[in-house]
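The data block below is structure-v1.csv; it holds CSV, C-alpha atoms.
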chain,number,residue,atom,x,y,z
F,28,MET,CA,-12.3,1.6,18.4
F,29,SER,CA,-12.2,5.2,16.9
F,30,SER,CA,-11.6,5.6,13.2
F,31,ARG,CA,-8.3,7.3,13.9
F,32,HIS,CA,-7.1,4.4,16.1
F,33,GLN,CA,-8.3,1.9,13.5
F,34,SER,CA,-6.4,3.7,10.8
F,35,SER,CA,-3.3,3.8,12.9
F,36,ALA,CA,-3.5,0.0,13.2
F,37,GLU,CA,-4.1,-0.4,9.4
F,38,ALA,CA,-1.1,1.8,8.7
F,39,ARG,CA,1.1,-0.2,11.0
F,40,ALA,CA,-0.1,-3.5,9.4
F,41,LEU,CA,0.7,-2.1,6.0
F,42,LEU,CA,4.2,-1.2,7.1
F,43,LEU,CA,4.7,-4.7,8.7
F,44,ALA,CA,3.4,-6.5,5.6
F,45,GLY,CA,5.6,-4.5,3.2
F,46,LYS,CA,9.1,-5.6,2.2
F,47,SER,CA,10.1,-2.6,0.1
F,48,GLY,CA,9.3,1.0,-0.5
F,49,VAL,CA,10.1,4.0,-2.6
F,50,LEU,CA,12.8,6.1,-0.8
F,51,SER,CA,13.0,9.8,-1.7
F,52,THR,CA,16.1,11.7,-0.9
F,53,LEU,CA,17.1,15.3,-1.6
F,54,SER,CA,19.3,15.3,-4.7
F,55,VAL,CA,22.8,16.6,-4.5
F,56,ASP,CA,23.3,16.6,-8.3
F,57,VAL,CA,20.1,18.5,-9.0
F,58,PRO,CA,19.6,20.6,-5.8
F,59,GLY,CA,16.1,21.1,-4.5
F,60,TYR,CA,14.6,18.1,-6.3
F,61,PRO,CA,13.6,14.8,-4.7
F,62,PHE,CA,15.3,11.6,-6.0
F,63,GLY,CA,13.3,8.3,-5.8
F,64,SER,CA,14.7,4.8,-5.5
F,65,VAL,CA,13.4,1.4,-4.5
F,66,VAL,CA,14.8,-0.1,-1.3
F,67,PRO,CA,14.0,-3.3,0.8
F,68,TYR,CA,13.4,-2.8,4.5
F,69,CYS,CA,12.8,-4.5,7.7
F,70,LEU,CA,11.9,-2.9,11.1
F,71,ASP,CA,14.0,-2.3,14.2
F,72,GLY,CA,12.7,-2.9,17.7
F,73,GLU,CA,10.8,0.4,17.8
F,74,GLY,CA,9.2,0.0,14.4
F,75,ASN,CA,11.6,2.2,12.3
F,76,PRO,CA,12.6,0.9,8.9
F,77,ILE,CA,16.1,-0.4,8.4
F,78,ILE,CA,17.7,-0.2,4.9
F,79,TYR,CA,21.0,-1.5,3.6
F,80,ILE,CA,22.6,0.7,0.9
F,81,SER,CA,25.8,1.1,-1.0
F,82,ASP,CA,27.9,4.2,-0.5
F,83,ILE,CA,28.3,4.6,-4.3
F,84,ALA,CA,24.5,4.7,-4.8
F,85,GLN,CA,22.9,8.1,-5.5
F,86,HIS,CA,20.6,7.9,-2.6
F,87,SER,CA,23.5,7.3,-0.2
F,88,LYS,CA,25.3,10.4,-1.5
F,89,ASN,CA,22.1,12.4,-1.0
F,90,ILE,CA,21.7,11.1,2.5
F,91,ALA,CA,25.3,12.0,3.4
F,92,HIS,CA,24.5,15.5,2.4
F,93,ASP,CA,21.0,15.8,4.0
F,94,GLY,CA,19.5,13.0,6.0
F,95,ARG,CA,15.9,14.1,5.6
F,96,VAL,CA,14.1,11.4,3.6
F,97,SER,CA,10.7,9.9,3.0
F,98,ILE,CA,9.7,6.4,2.1
F,99,ILE,CA,6.3,5.3,0.7
F,100,VAL,CA,4.9,1.8,1.1
F,101,ARG,CA,1.7,0.8,-0.6
F,102,ALA,CA,-0.6,-2.2,-0.7
F,103,ASP,CA,-0.7,-4.4,-3.8
F,104,ALA,CA,-2.2,-2.3,-6.6
F,105,GLY,CA,-5.5,-3.3,-8.1
F,106,ASN,CA,-7.1,-1.7,-11.2
F,107,ASP,CA,-7.0,1.8,-9.6
F,108,VAL,CA,-3.6,2.5,-8.0
F,109,GLN,CA,-5.0,5.5,-6.2
F,110,ALA,CA,-7.6,3.4,-4.5
F,111,VAL,CA,-5.2,1.2,-2.6
F,112,ALA,CA,-3.8,2.0,0.9
F,113,ARG,CA,-0.5,3.7,1.1
F,114,LEU,CA,1.7,5.0,3.8
F,115,THR,CA,4.4,7.8,3.6
F,116,LEU,CA,6.9,8.1,6.4
F,117,LEU,CA,8.9,11.2,6.9
F,118,ALA,CA,12.2,10.3,8.6
F,119,ASP,CA,15.8,11.1,9.5
F,120,ALA,CA,18.3,8.7,8.0
F,121,GLU,CA,21.1,7.7,10.4
F,122,LYS,CA,23.8,5.0,10.1
F,123,LEU,CA,23.6,2.1,12.5
F,124,GLY,CA,26.4,1.9,15.0
F,125,PRO,CA,29.0,-0.9,15.0
F,126,GLU,CA,27.4,-2.2,18.2
F,127,GLU,CA,24.0,-2.9,16.6
F,128,VAL,CA,25.0,-6.3,15.3
F,129,GLU,CA,21.8,-8.1,16.3
F,130,LEU,CA,19.8,-5.6,14.2
F,131,LYS,CA,22.1,-6.2,11.2
F,132,ARG,CA,21.7,-9.9,11.7
F,133,ARG,CA,17.9,-9.4,11.7
F,134,TYR,CA,18.0,-7.7,8.3
F,135,HIS,CA,20.1,-10.5,6.8
F,136,ARG,CA,17.4,-13.0,8.0
F,137,PHE,CA,14.8,-11.0,6.2
F,138,PHE,CA,16.9,-10.7,3.0
F,139,PRO,CA,19.4,-13.7,3.0
F,140,SER,CA,20.9,-12.6,-0.3
F,141,SER,CA,22.0,-9.3,1.2
F,142,GLY,CA,24.8,-11.2,3.0
F,143,ASP,CA,26.6,-11.4,-0.3
F,144,TYR,CA,26.7,-7.6,-0.4
F,145,THR,CA,29.2,-7.5,2.4
F,146,GLN,CA,31.8,-8.4,-0.2
F,147,ALA,CA,30.6,-5.6,-2.4
F,148,HIS,CA,31.6,-1.9,-2.3
F,149,GLY,CA,30.8,0.0,0.9
F,150,PHE,CA,27.4,-1.3,1.9
F,151,PHE,CA,26.1,0.1,5.2
F,152,PHE,CA,22.9,0.0,7.3
F,153,CYS,CA,20.6,3.0,7.9
F,154,ARG,CA,17.8,3.5,10.3
F,155,LEU,CA,15.0,5.7,9.0
F,156,ARG,CA,13.9,7.3,12.3
F,157,VAL,CA,10.2,8.2,11.7
F,158,VAL,CA,9.3,11.9,12.3
F,159,ARG,CA,5.7,11.8,11.0
F,160,ALA,CA,3.5,9.3,9.1
F,161,ARG,CA,0.8,10.0,6.5
F,162,TYR,CA,-1.7,7.2,5.9
F,163,ILE,CA,-4.3,7.1,3.1
F,164,GLY,CA,-6.6,4.1,3.5
F,165,GLY,CA,-9.4,5.2,1.2
F,166,PHE,CA,-11.8,8.1,0.8
F,167,GLY,CA,-12.2,9.9,4.1
F,168,ASN,CA,-9.6,7.7,5.7
F,169,VAL,CA,-6.6,10.1,5.7
F,170,TYR,CA,-4.5,10.8,8.8
F,171,TRP,CA,-1.2,12.2,10.0
F,172,PHE,CA,0.3,10.3,12.8
F,173,GLU,CA,3.1,11.2,15.2
F,174,PRO,CA,5.6,8.3,15.9
F,175,GLU,CA,4.3,7.7,19.4
F,176,ASN,CA,0.8,7.3,18.0
F,177,PHE,CA,1.8,5.0,15.2
F,178,LEU,CA,4.9,2.9,15.8
F,179,MET,CA,4.6,-0.1,18.0
F,180,PRO,CA,7.7,-1.4,19.7
F,181,SER,CA,8.3,-5.1,19.5
F,182,PRO,CA,7.3,-6.9,22.8
F,183,PHE,CA,10.2,-9.3,22.2
F,184,SER,CA,13.9,-8.8,23.1
F,185,THR,CA,16.5,-9.8,20.6
F,186,GLU,CA,17.3,-12.9,22.5
F,187,GLU,CA,13.6,-13.9,22.8
F,188,GLU,CA,13.1,-13.3,19.1
F,189,GLU,CA,16.1,-15.4,18.0
F,190,LYS,CA,15.2,-18.2,20.4
F,191,ALA,CA,11.6,-18.3,19.1
F,192,ILE,CA,12.8,-18.3,15.5
F,193,ASP,CA,15.2,-21.1,16.0
F,194,HIS,CA,12.5,-23.1,17.9
F,195,MET,CA,9.9,-22.6,15.2
F,196,ASN,CA,12.2,-23.3,12.3
F,197,VAL,CA,13.6,-26.5,13.8
F,198,ASP,CA,10.6,-27.9,15.7
F,199,HIS,CA,7.5,-26.5,14.0
F,200,ARG,CA,8.2,-26.2,10.3
F,201,PRO,CA,4.8,-27.8,9.3
F,202,LEU,CA,3.0,-25.0,11.1
F,203,LEU,CA,5.0,-22.4,9.2
F,204,GLN,CA,4.2,-24.1,5.9
F,205,ASN,CA,0.5,-24.1,6.8
F,206,GLY,CA,0.4,-20.3,7.1
F,207,LEU,CA,1.2,-19.4,10.7
F,208,SER,CA,2.3,-15.9,9.6
F,209,ALA,CA,-1.3,-15.1,8.5
F,210,GLU,CA,-2.6,-15.6,12.0
F,211,THR,CA,0.2,-14.2,14.2
F,212,ASP,CA,2.8,-11.4,14.2
F,213,ALA,CA,5.4,-13.7,12.9
F,214,VAL,CA,7.2,-12.8,9.7
F,215,THR,CA,8.1,-15.6,7.3
F,216,HIS,CA,9.7,-16.1,3.9
F,217,GLU,CA,7.9,-18.5,1.7
F,218,GLY,CA,9.5,-20.9,-0.8
F,219,PRO,CA,10.3,-24.6,-1.0
F,220,ASP,CA,10.9,-24.3,2.7
F,221,THR,CA,9.2,-21.6,4.8
F,222,ASP,CA,11.4,-20.0,7.5
F,223,MET,CA,10.4,-17.7,10.3
F,224,VAL,CA,12.7,-14.6,10.2
F,225,GLY,CA,11.2,-12.2,12.7
F,226,LEU,CA,8.6,-11.2,15.3
F,227,ASP,CA,7.2,-7.7,15.3
F,228,GLY,CA,4.8,-5.8,17.5
F,229,GLU,CA,1.3,-5.4,16.1
In structure tokens, write the structure found in this file.
Amino acid sequence: MSSRHQSSAEARALLLAGKSGVLSTLSVDVPGYPFGSVVPYCLDGEGNPIIYISDIAQHSKNIAHDGRVSIIVRADAGNDVQAVARLTLLADAEKLGPEEVELKRRYHRFFPSSGDYTQAHGFFFCRLRVVRARYIGGFGNVYWFEPENFLMPSPFSTEEEEKAIDHMNVDHRPLLQNGLSAETDAVTHEGPDTDMVGLDGE
């Protein structure tokens, strides 16, 4: 495997493992300056991040004015924050359509408390459609990637994913509690009870 191909796989693994990132939008209030905020995300079927934001939030106002954004995801920091792997995605933010109900349902599985936000003011879903990706995995391990050389579509249809999730959560909970997610492309939430919430392409 070439070093570039290996780095692409590492970058994708970092994106899959992450649950949140720093979203940068172009400020409306202070034109020309980037505005950073922290947002949770999950991925759509093509590997693009999905976020759920309020229309009164500053980043939402910025996106409405200019949809060009970036989001950075990094590995857990050690003693040297600059030594850990990080991934920056340049993307175009676009609202999800009303027909994309399965994807919205997927997000709520990843972040169950977000279901409460539907009662709050003006929350909506955005897809961050990746334009380019910049990965830094360490000294000499720095690459730009085009979406087609970085993103990995999920091999599972929505129906297949939801059936597998229901099956695992009902019939195989002990496997989940024993760390299935560490050995497969399954995504779980850990707690008193571990639930499978998604299946992503590696």
Measuring between only C-alpha atoms, which one of F:Val169, F:Val49, F:Leu70, F:Ala38 shows the shortest distance to F:Arg154?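 For F:Arg154, the nearest of the candidates is F:Leu70.
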For each of F:Val224, F:Val128, F:Ala91, F:Val100, take the minimum atom-to-atom distance to F:Leu50, counting only C-alpha atoms, then give the residue where this is smallest. F:Val100
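If you measure from each of F:Glu73, F:Ile163, F:Ile80, F:Ser29 to F:Phe150 using all atoms listed in the file, the closest one turns out to be F:Ile80.
Atom to atom, atom CA of F:Asn168 and atom CA of F:Asp103 stand 17.8 Å apart.
Using all atoms listed in the file, the smallest distance between any of F:Met195, F:Leu41, F:Ile77, F:Met179 and F:Arg113 comes from F:Leu41.
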Expressed in Å to a single decimal, how great is the separation between atom CA of F:Phe183 and atom CA of F:Arg31?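 Atom-to-atom, atom CA of F:Phe183 and atom CA of F:Arg31 are spaced 26.2 Å apart.
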I'd like the contact shell of F:Gly142 - 12 Å cut-off, all atoms listed in the file, skipping same-chain residues fewer than 3 positions apart - returned as a ChimeraX atom specification. /F:79,131-139,145-147,150-151
Using only C-alpha atoms, which residues sit within 9 Å of F:Arg39 once same-chain residues fewer than 2 positions away are excluded, as a count of residues only? 14
